[in-house]
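Right, one structure below, let's go through it.
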Amino acid sequence: MGTEPITDRAGAVSRRQVLLGATGTTLAGLAGCITRGESSHLEGEIVIDGSNTLLPNSALVAELFMWENNQVNISVSGAGTGAGFQQFCRDETDLQNASREINDAEADQCADNGVEWLELEVVLDGLAVMKHPDNDWCDCLTVEELSRMWERGSDVETWADLDDERPDEEWPDEEIAFYGRDAASGTYDYFTEQINGAVGNIRDDFSGSPDTNNIIRGVRGNRHAVGFGGAGYYYENEDDVDLVAIDNGNGCVEPERETIEAETYQPLSRPMYLYVRMGALAREEFRAFVRFYLENTQETARDVGFYAVPDETIDSQREKLEDAIAGVT
């Protein structure tokens, strides 16, 4: 199929869905779809894996780059942040999409395998707490209520179990179905740390999935369900699910471009990262792609439902990259 770059926001949702693919977990072989485009002196192969959440942005950057350099093949997959770091630290991939920072165990694995890396902050994202559209009783939850619902050993089984915190409201005595990302996901790590105080602190009976589309299906299929995932997935499915606003002490706030880029949607706004394998910077086509990524990520982020990091952040990331390139070349 022939693919032309799209940079207007009118097609952002459909573009995100195309880039995620039917399963939402892989976009490998994208280069084979580029039947037109421009030739350049660059050629080679680049392999990207990691965060399923960041996949659409990296896939769009890859598509645009291959349009200008049609002898460079880039595969982009979404195994999840944790699974992706396992591959990255075994020297199996060139770039790692990450929805959290590398942890100590992963950094040690990279060091043991001689893999040096550079961390670049490339987009902002917000995590959305989602409910069924027919849930007309819960429009907003405090961080404390979220923690009580989701923490390990939670005593919240039904919506009515929260009544003692809301004496003026009567919520249904119906069992809540919980959906979220699984333990291989950086989204899981970030949500559990920010809401429950520690990575992996979560109730045992929630339904975890590596694919946020499964969370959407679960929530839209049960009037009493609640789930969490990247906000971009909500906005491409807002006819099927609804948002729960978050009150962190300053009123109820929803994840929107203005609130995330202004960092007022807390504590579920986060930076997302691209990890660069330092050894690959010796390759000209790889250096060109990472530079291209930083030049375009503010625009592509908004095109696929993310949020742009500030100009000063991009400038600082470019300096980090150029210093790294100078050290390698």
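The way I read the labels, and the way they are meant: chains A, B, ... in the order of the structure tokens, residue 1 as the first residue of every chain, and ligand 1 as the first ligand shown, with later ones counted on from there.
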
Handout entry: strand (DSSP E) call set, DSSP backbone run, segment 116-154 of chain A, as a PyMOL selection string
Key = chain A and resi 117-131+140-142

Handout entry: All alpha helix (DSSP H) positions in segment 50-165 of chain A, as an MDAnalysis selection string
Key = chainID A and resid 55:68 81:88 104:112 143:150

Hey, could you make a per-residue contact list for segment 123-162 of chain A against segment 166-190 of chain A with 9 Å as the cut-off, showing the nearest pair of atoms and its distance in Å to one decimal, counting only C-alpha atoms, sorted by chain and number, as JSON lines?
{"residue": "A:Leu127", "atom": "CA", "partner": "A:Thr187", "partner_atom": "CA", "distance": 7.8}
{"residue": "A:Trp137", "atom": "CA", "partner": "A:Trp171", "partner_atom": "CA", "distance": 6.5}
{"residue": "A:Cys138", "atom": "CA", "partner": "A:Trp171", "partner_atom": "CA", "distance": 8.1}
{"residue": "A:Trp150", "atom": "CA", "partner": "A:Phe178", "partner_atom": "CA", "distance": 8.4}
{"residue": "A:Val156", "atom": "CA", "partner": "A:Ile176", "partner_atom": "CA", "distance": 8.4}
{"residue": "A:Glu157", "atom": "CA", "partner": "A:Glu175", "partner_atom": "CA", "distance": 5.6}
{"residue": "A:Thr158", "atom": "CA", "partner": "A:Glu175", "partner_atom": "CA", "distance": 4.2}
{"residue": "A:Trp159", "atom": "CA", "partner": "A:Trp171", "partner_atom": "CA", "distance": 5.7}
{"residue": "A:Ala160", "atom": "CA", "partner": "A:Asp173", "partner_atom": "CA", "distance": 4.7}
{"residue": "A:Asp161", "atom": "CA", "partner": "A:Asp173", "partner_atom": "CA", "distance": 7.6}
{"residue": "A:Leu162", "atom": "CA", "partner": "A:Arg166", "partner_atom": "CA", "distance": 6.7}

Output C-alpha atoms for every residue in that selection, as an mmCIF file, in the first residue's frame.
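File written: selection-v2.cif
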data_model
loop_
_atom_site.group_PDB
_atom_site.id
_atom_site.type_symbol
_atom_site.label_atom_id
_atom_site.label_comp_id
_atom_site.auth_asym_id
_atom_site.auth_seq_id
_atom_site.Cartn_x
_atom_site.Cartn_y
_atom_site.Cartn_z
ATOM 1 C CA LEU A 127 -3.271 8.169 32.103
ATOM 2 C CA TRP A 137 -22.966 8.376 39.567
ATOM 3 C CA CYS A 138 -19.175 8.743 39.445
ATOM 4 C CA TRP A 150 -6.916 -0.195 43.595
ATOM 5 C CA VAL A 156 -13.704 -1.930 47.985
ATOM 6 C CA GLU A 157 -15.740 -4.516 46.108
ATOM 7 C CA THR A 158 -18.789 -2.460 45.116
ATOM 8 C CA TRP A 159 -19.387 1.212 44.354
ATOM 9 C CA ALA A 160 -21.429 1.421 47.567
ATOM 10 C CA ASP A 161 -18.268 0.602 49.530
ATOM 11 C CA LEU A 162 -17.178 4.191 48.866
#

Contacts of Pro271 of chain A within 8 Å, only C-alpha atoms, excl. fewer than 4 positions in-chain, as a PDB file with N, CA and C atoms, in the first residue's frame:
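Output file out.pdb is given in full below:
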ATOM      1  N   SER A  99       7.507   3.937  28.704  1.00  0.00           N
ATOM      2  CA  SER A  99       6.537   4.785  29.380  1.00  0.00           C
ATOM      3  C   SER A  99       6.915   5.007  30.838  1.00  0.00           C
ATOM      4  N   ARG A 100       8.139   4.684  31.180  1.00  0.00           N
ATOM      5  CA  ARG A 100       8.729   5.001  32.485  1.00  0.00           C
ATOM      6  C   ARG A 100      10.244   4.987  32.321  1.00  0.00           C
ATOM      7  N   GLU A 121      13.689  12.366  26.588  1.00  0.00           N
ATOM      8  CA  GLU A 121      12.274  12.624  26.865  1.00  0.00           C
ATOM      9  C   GLU A 121      11.633  13.157  25.595  1.00  0.00           C
ATOM     10  N   VAL A 122      10.601  12.449  25.083  1.00  0.00           N
ATOM     11  CA  VAL A 122      10.113  12.772  23.741  1.00  0.00           C
ATOM     12  C   VAL A 122       8.655  13.215  23.670  1.00  0.00           C
ATOM     13  N   VAL A 123       7.799  12.762  24.583  1.00  0.00           N
ATOM     14  CA  VAL A 123       6.402  13.209  24.576  1.00  0.00           C
ATOM     15  C   VAL A 123       5.889  13.266  26.009  1.00  0.00           C
ATOM     16  N   LEU A 124       4.740  13.917  26.175  1.00  0.00           N
ATOM     17  CA  LEU A 124       3.999  13.860  27.429  1.00  0.00           C
ATOM     18  C   LEU A 124       2.746  13.025  27.208  1.00  0.00           C
ATOM     19  N   ASP A 125       2.333  12.337  28.262  1.00  0.00           N
ATOM     20  CA  ASP A 125       1.123  11.518  28.184  1.00  0.00           C
ATOM     21  C   ASP A 125       0.347  11.667  29.482  1.00  0.00           C
TER      22      ASP A 125
END

Find the residues of segment 74-99 of chain A that sit at most 12 Å from segment 286-302 of chain A; for each, write down the nearest two atoms and how far apart they are in Å, to one decimal. Count only C-alpha atoms. Sort by chain, then by number going up, and give it as a Markdown table.
| residue | atom | partner | partner_atom | distance |
| --- | --- | --- | --- | --- |
| A:Ile74 | CA | A:Phe289 | CA | 9.7 |
| A:Asp94 | CA | A:Phe286 | CA | 8.6 |
| A:Leu95 | CA | A:Val290 | CA | 9.1 |
| A:Gln96 | CA | A:Val290 | CA | 11.8 |

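Closest approach to Asn237 of chain A among A:Asn103, A:Ser77, A:Thr192, A:Thr212: A:Thr212, based on only C-alpha atoms.
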
Completion exercise
Min atom-atom distance to Tyr235 of chain A from the set A:Val304, A:Ala79, A:Val219, A:Cys252, counting only C-alpha atoms, belongs to A:Val304

Exercise for the section: Extract, using only C-alpha atoms, all DNA, RNA and protein residues at most 9 Å from segment 273-285 of chain A, discarding same-chain residues fewer than 4 positions from it, and format them as a PyMOL selection string. Expected result: chain A and resi 42-46+54+58+72+88+91+93-102+115-123+289-290+324-325+328-329
